[in-house]
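Enquirer: My questions all concern the structure below.
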Amino acid sequence: MKKDLVELPTATADGEFIARYSGNGLAGLDFPGRGRAELPLGQAARQRRPAASNALPAKIKGWHRMTGAALKRILSGRDPKALPPLDWEGATDFQRSVWRQMLKLSAGKTKSYGEVAAAIGNPKAVRAVGSACGANPIPVLVPCHRILAANKKIGGFGGGLEWKRKLLAKEGIRF
DNA sequence: GACAGATGAAGGA
DNA sequence: TCCTTCATCTGTC
């Protein structure tokens, strides 16, 4: 059963991201140009958004402000001051462990898939870490772009390698 | 239960 | 060096 999610656009200098909120927090984030986000500005999230923005619960408004601020800070190569609560319902324990490791990485820092696997106590699960990264519903805020393959190779990225390169470049990371 | 995957390491040319 | 192959672990169907 799918939870009812509220989708809200977040305009940044790099395009309009689409944030999805459940009753528990931020449940997803789409890159500009993907899914509904490719619609013209302002129309992207209209389908599920309540008719009037003031119909939104105050808590979601607050989360959305935090999400926008965090996104803008990350996109300018800095650490977010604060993140809204993240709703990882449905994720496995393994995925949550991997994502928590990513949240520990500050701007400009990177880890390899192998290092993340070792950090969660399972150094051989490098491929599984890659799968967990790909399953990350909240890219950018959960910085899966800071996970590189061995030898500082770029590896892959669910949002597209162009975005990964762009995000890493903003943080001054060479690979 | 089988298969695929955003890896890593080892061995050979 | 570079390329290929295989081991390993997890998620999905």
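In the structure tokens, each chain is lettered A, B, ... as it comes, each chain's residues begin at 1, and ligands are numbered from 1 in order of appearance.
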Counting only C-alpha atoms (C1' of nucleotides), collect the residues of chain B whose closest atom lies at most 9 Å from chain A, and write them out as a list in words.
Expert: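 Selected residues: DG5, DA6, DT7 and DG8 of chain B.
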Enquirer: How would the residues just chosen look if you wrote them out with N, CA and C atoms (P, O5', C5', C4', C3', O3' and C1' of nucleotides) as an mmCIF file, in the first residue's frame?
Expert:
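Listing of out.cif after writing:
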data_model
loop_
_atom_site.group_PDB
_atom_site.id
_atom_site.type_symbol
_atom_site.label_atom_id
_atom_site.label_comp_id
_atom_site.auth_asym_id
_atom_site.auth_seq_id
_atom_site.Cartn_x
_atom_site.Cartn_y
_atom_site.Cartn_z
ATOM 1 P P DG B 5 21.832 -5.600 -14.214
ATOM 2 O "O5'" DG B 5 22.490 -4.838 -12.962
ATOM 3 C "C5'" DG B 5 21.660 -4.191 -12.007
ATOM 4 C "C4'" DG B 5 22.518 -3.761 -10.827
ATOM 5 C "C3'" DG B 5 23.873 -3.176 -11.242
ATOM 6 O "O3'" DG B 5 24.149 -1.997 -10.490
ATOM 7 C "C1'" DG B 5 24.173 -4.927 -9.691
ATOM 8 P P DA B 6 23.674 -0.717 -11.129
ATOM 9 O "O5'" DA B 6 24.780 0.329 -10.769
ATOM 10 C "C5'" DA B 6 25.974 0.395 -11.515
ATOM 11 C "C4'" DA B 6 27.030 1.055 -10.686
ATOM 12 C "C3'" DA B 6 27.390 0.284 -9.428
ATOM 13 O "O3'" DA B 6 28.756 0.485 -9.124
ATOM 14 C "C1'" DA B 6 26.539 2.380 -8.842
ATOM 15 P P DT B 7 29.756 -0.599 -9.507
ATOM 16 O "O5'" DT B 7 30.826 -0.596 -8.292
ATOM 17 C "C5'" DT B 7 30.358 -0.416 -6.985
ATOM 18 C "C4'" DT B 7 31.306 -1.127 -6.035
ATOM 19 C "C3'" DT B 7 32.773 -0.777 -6.284
ATOM 20 O "O3'" DT B 7 33.411 -0.626 -5.016
ATOM 21 C "C1'" DT B 7 32.482 -3.103 -6.503
ATOM 22 P P DG B 8 34.929 -0.133 -4.958
ATOM 23 O "O5'" DG B 8 35.711 -1.511 -4.759
ATOM 24 C "C5'" DG B 8 35.324 -2.361 -3.693
ATOM 25 C "C4'" DG B 8 36.260 -3.563 -3.635
ATOM 26 C "C3'" DG B 8 37.732 -3.219 -3.896
ATOM 27 O "O3'" DG B 8 38.520 -3.954 -2.973
ATOM 28 C "C1'" DG B 8 36.993 -4.825 -5.481
#
Enquirer: Hey, could you make a per-residue contact list for chain C against chain A with 9 Å as the cut-off, showing the nearest pair of atoms and its distance in Å to one decimal, counting only C-alpha atoms (C1' of nucleotides), sorted by chain and number, as CSV?
Expert:
residue,atom,partner,partner_atom,distance
C:DT8,C1',A:Lys124,CA,6.0
C:DC9,C1',A:Ala125,CA,4.7
C:DT10,C1',A:Ala128,CA,4.8
C:DG11,C1',A:Ser131,CA,7.4
Enquirer: Would you kindly return, as a PyMOL selection string, each protein, DNA or RNA residue with an atom no farther than 12 Å from any atom of DA13 in chain B, considering only C-alpha atoms (C1' of nucleotides) and excluding same-chain residues fewer than 5 positions away?
Expert: chain C and resi 1-4
Enquirer: Emit the selected residues as a PDB file, in the first residue's frame, including C-alpha atoms (C1' of nucleotides).
Expert:
ATOM      1  C1'  DT C   1      49.659  -0.606 -16.858  1.00  0.00           C
ATOM      2  C1'  DC C   2      45.325  -2.376 -18.648  1.00  0.00           C
ATOM      3  C1'  DC C   3      41.926  -5.825 -19.136  1.00  0.00           C
ATOM      4  C1'  DT C   4      39.422  -9.840 -17.702  1.00  0.00           C
TER       5       DT C   4
END
Enquirer: Going by DSSP on the backbone, which residues of chain A come out as alpha helix (DSSP H)? List them as a PyMOL selection string.
Expert: chain A and resi 58-75+93-103+113-119+126-134+161-170
Enquirer: Going by DSSP on the backbone, which residues of range 14-153 of chain A come out as strand (DSSP E)? List them as a PyMOL selection string.
Expert: chain A and resi 15-22+25-30+111-112+147-148
Enquirer: Take the selection from the previous step and output its residues with N, CA and C atoms, as a PDB file, in the first residue's frame.
Expert:
ATOM      1  N   GLY A  15      17.859  24.281 -11.004  1.00  0.00           N
ATOM      2  CA  GLY A  15      16.599  23.725 -11.494  1.00  0.00           C
ATOM      3  C   GLY A  15      15.627  23.487 -10.354  1.00  0.00           C
ATOM      4  N   GLU A  16      14.504  22.942 -10.705  1.00  0.00           N
ATOM      5  CA  GLU A  16      13.450  22.737  -9.713  1.00  0.00           C
ATOM      6  C   GLU A  16      13.416  21.281  -9.248  1.00  0.00           C
ATOM      7  N   PHE A  17      13.815  21.045  -8.017  1.00  0.00           N
ATOM      8  CA  PHE A  17      13.737  19.706  -7.421  1.00  0.00           C
ATOM      9  C   PHE A  17      12.297  19.487  -6.942  1.00  0.00           C
ATOM     10  N   ILE A  18      11.897  18.226  -6.877  1.00  0.00           N
ATOM     11  CA  ILE A  18      10.583  17.886  -6.342  1.00  0.00           C
ATOM     12  C   ILE A  18      10.767  17.096  -5.053  1.00  0.00           C
ATOM     13  N   ALA A  19      10.287  17.654  -3.964  1.00  0.00           N
ATOM     14  CA  ALA A  19      10.383  16.980  -2.666  1.00  0.00           C
ATOM     15  C   ALA A  19       9.057  16.302  -2.358  1.00  0.00           C
ATOM     16  N   ARG A  20       9.132  15.094  -1.823  1.00  0.00           N
ATOM     17  CA  ARG A  20       7.915  14.346  -1.449  1.00  0.00           C
ATOM     18  C   ARG A  20       7.900  14.131   0.065  1.00  0.00           C
ATOM     19  N   TYR A  21       6.789  14.459   0.674  1.00  0.00           N
ATOM     20  CA  TYR A  21       6.685  14.340   2.116  1.00  0.00           C
ATOM     21  C   TYR A  21       5.577  13.361   2.516  1.00  0.00           C
ATOM     22  N   SER A  22       5.870  12.539   3.503  1.00  0.00           N
ATOM     23  CA  SER A  22       4.841  11.715   4.137  1.00  0.00           C
ATOM     24  C   SER A  22       4.516  12.377   5.463  1.00  0.00           C
ATOM     25  N   GLY A  25       7.951  12.732   7.481  1.00  0.00           N
ATOM     26  CA  GLY A  25       9.114  13.522   7.092  1.00  0.00           C
ATOM     27  C   GLY A  25       9.340  13.470   5.595  1.00  0.00           C
ATOM     28  N   LEU A  26      10.528  13.869   5.192  1.00  0.00           N
ATOM     29  CA  LEU A  26      10.881  13.866   3.773  1.00  0.00           C
ATOM     30  C   LEU A  26      11.071  12.431   3.299  1.00  0.00           C
ATOM     31  N   ALA A  27      10.292  12.029   2.307  1.00  0.00           N
ATOM     32  CA  ALA A  27      10.313  10.631   1.859  1.00  0.00           C
ATOM     33  C   ALA A  27      11.003  10.472   0.516  1.00  0.00           C
ATOM     34  N   GLY A  28      11.210  11.562  -0.222  1.00  0.00           N
ATOM     35  CA  GLY A  28      11.836  11.419  -1.538  1.00  0.00           C
ATOM     36  C   GLY A  28      12.206  12.758  -2.130  1.00  0.00           C
ATOM     37  N   LEU A  29      13.128  12.716  -3.096  1.00  0.00           N
ATOM     38  CA  LEU A  29      13.555  13.933  -3.777  1.00  0.00           C
ATOM     39  C   LEU A  29      13.885  13.579  -5.222  1.00  0.00           C
ATOM     40  N   ASP A  30      13.307  14.338  -6.154  1.00  0.00           N
ATOM     41  CA  ASP A  30      13.579  14.104  -7.576  1.00  0.00           C
ATOM     42  C   ASP A  30      14.451  15.218  -8.133  1.00  0.00           C
ATOM     43  N   LYS A 111      33.992   8.846   0.393  1.00  0.00           N
ATOM     44  CA  LYS A 111      34.359   7.494   0.811  1.00  0.00           C
ATOM     45  C   LYS A 111      34.193   6.591  -0.389  1.00  0.00           C
ATOM     46  N   SER A 112      34.854   5.459  -0.356  1.00  0.00           N
ATOM     47  CA  SER A 112      34.637   4.471  -1.404  1.00  0.00           C
ATOM     48  C   SER A 112      33.540   3.517  -0.950  1.00  0.00           C
ATOM     49  N   ILE A 147      30.001   9.045  -2.548  1.00  0.00           N
ATOM     50  CA  ILE A 147      30.541   7.686  -2.535  1.00  0.00           C
ATOM     51  C   ILE A 147      31.161   7.408  -3.899  1.00  0.00           C
ATOM     52  N   LEU A 148      32.472   7.190  -3.909  1.00  0.00           N
ATOM     53  CA  LEU A 148      33.187   6.927  -5.150  1.00  0.00           C
ATOM     54  C   LEU A 148      33.643   5.477  -5.183  1.00  0.00           C
TER      55      LEU A 148
END
Enquirer: Write out as a PyMOL selection string which residues come within 10 Å of Lys59 in chain A when counting only C-alpha atoms (C1' of nucleotides), dropping same-chain ones fewer than 5 positions away.
Expert: chain A and resi 23-25+64-65+84
Enquirer: Please write the residues from the selection above to a file, keeping C-alpha atoms, as a PDB file, in the first residue's frame.
Expert:
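So the final result, stored in selection-v3.pdb, reads:
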ATOM      1  CA  GLY A  23       3.385  12.295   7.563  1.00  0.00           C
ATOM      2  CA  ASN A  24       6.750  11.292   9.026  1.00  0.00           C
ATOM      3  CA  GLY A  25       9.114  13.522   7.092  1.00  0.00           C
ATOM      4  CA  HIS A  64       9.916  22.122   3.094  1.00  0.00           C
ATOM      5  CA  ARG A  65      11.687  25.293   4.205  1.00  0.00           C
ATOM      6  CA  PRO A  84      14.081  17.750   7.993  1.00  0.00           C
TER       7      PRO A  84
END
Enquirer: Go ahead and compute the interatomic distance for C1' of DC6 in chain C and CA of Val116 in chain A, in Å to one decimal.
Expert: 22.0 Å
Enquirer: Using Å and a single decimal, report how far CA of Pro139 in chain A sits from CA of Thr110 in chain A.
Expert: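 If I compute the distance from CA of Thr110 in chain A to CA of Pro139 in chain A, I get 15.0 Å.
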Enquirer: Would you list the contacts of DC13 in chain C as a tab-separated table (two decimals) with all heavy atoms, in the first residue's frame, taking every protein, DNA or RNA residue within 12 Å and counting only C-alpha atoms (C1' of nucleotides), but skipping same-chain residues closer than 3 positions in sequence?
Expert:
chain	number	residue	atom	x	y	z
B	1	DG	P	15.10	-22.46	-1.46
B	1	DG	OP1	15.14	-23.89	-1.39
B	1	DG	OP2	15.78	-21.58	-0.57
B	1	DG	O5'	15.29	-21.93	-2.96
B	1	DG	C5'	14.58	-22.56	-4.00
B	1	DG	C4'	14.90	-21.85	-5.29
B	1	DG	O4'	14.31	-20.52	-5.27
B	1	DG	C3'	16.39	-21.65	-5.57
B	1	DG	O3'	16.62	-21.88	-6.95
B	1	DG	C2'	16.64	-20.20	-5.19
B	1	DG	C1'	15.31	-19.55	-5.53
B	1	DG	N9	14.99	-18.37	-4.73
B	1	DG	C8	15.16	-18.20	-3.38
B	1	DG	N7	14.77	-17.03	-2.95
B	1	DG	C5	14.29	-16.39	-4.08
B	1	DG	C6	13.74	-15.09	-4.25
B	1	DG	O6	13.53	-14.23	-3.39
B	1	DG	N1	13.39	-14.85	-5.57
B	1	DG	C2	13.56	-15.73	-6.60
B	1	DG	N2	13.17	-15.33	-7.80
B	1	DG	N3	14.08	-16.94	-6.46
B	1	DG	C4	14.43	-17.20	-5.19
B	2	DA	P	18.07	-21.94	-7.48
B	2	DA	OP1	18.26	-23.25	-8.13
B	2	DA	OP2	19.02	-21.50	-6.44
B	2	DA	O5'	18.00	-20.81	-8.62
B	2	DA	C5'	16.80	-20.66	-9.37
B	2	DA	C4'	16.87	-19.38	-10.14
B	2	DA	O4'	16.49	-18.27	-9.28
B	2	DA	C3'	18.24	-19.03	-10.70
B	2	DA	O3'	18.11	-18.52	-12.02
B	2	DA	C2'	18.78	-17.99	-9.73
B	2	DA	C1'	17.50	-17.28	-9.28
B	2	DA	N9	17.57	-16.71	-7.94
B	2	DA	C8	18.08	-17.28	-6.81
B	2	DA	N7	17.98	-16.53	-5.74
B	2	DA	C5	17.35	-15.39	-6.19
B	2	DA	C6	16.95	-14.21	-5.54
B	2	DA	N6	17.14	-13.98	-4.24
B	2	DA	N1	16.35	-13.26	-6.28
B	2	DA	C2	16.17	-13.48	-7.58
B	2	DA	N3	16.49	-14.56	-8.31
B	2	DA	C4	17.09	-15.48	-7.54
B	3	DC	P	19.42	-18.19	-12.88
B	3	DC	OP1	19.17	-18.66	-14.25
B	3	DC	OP2	20.61	-18.65	-12.13
B	3	DC	O5'	19.41	-16.60	-12.89
B	3	DC	C5'	18.19	-15.93	-13.13
B	3	DC	C4'	18.36	-14.46	-12.86
B	3	DC	O4'	18.34	-14.23	-11.43
B	3	DC	C3'	19.69	-13.88	-13.37
B	3	DC	O3'	19.41	-12.70	-14.11
B	3	DC	C2'	20.47	-13.57	-12.10
B	3	DC	C1'	19.37	-13.31	-11.10
B	3	DC	N1	19.72	-13.53	-9.67
B	3	DC	C2	19.38	-12.57	-8.72
B	3	DC	O2	18.80	-11.55	-9.09
B	3	DC	N3	19.71	-12.78	-7.42
B	3	DC	C4	20.35	-13.89	-7.06
B	3	DC	N4	20.64	-14.05	-5.77
B	3	DC	C5	20.69	-14.88	-8.02
B	3	DC	C6	20.36	-14.67	-9.30
B	4	DA	P	20.58	-12.11	-15.01
B	4	DA	OP1	20.06	-12.00	-16.38
B	4	DA	OP2	21.85	-12.80	-14.74
B	4	DA	O5'	20.68	-10.64	-14.40
B	4	DA	C5'	19.48	-9.95	-14.05
B	4	DA	C4'	19.82	-8.75	-13.18
B	4	DA	O4'	20.07	-9.17	-11.83
B	4	DA	C3'	21.07	-7.98	-13.63
B	4	DA	O3'	20.83	-6.60	-13.50
B	4	DA	C2'	22.14	-8.45	-12.64
B	4	DA	C1'	21.32	-8.69	-11.39
B	4	DA	N9	21.88	-9.68	-10.47
B	4	DA	C8	22.41	-10.90	-10.77
B	4	DA	N7	22.82	-11.58	-9.72
B	4	DA	C5	22.51	-10.76	-8.66
B	4	DA	C6	22.69	-10.90	-7.27
B	4	DA	N6	23.23	-11.97	-6.71
B	4	DA	N1	22.28	-9.88	-6.48
B	4	DA	C2	21.74	-8.80	-7.04
B	4	DA	N3	21.52	-8.55	-8.33
B	4	DA	C4	21.94	-9.58	-9.10
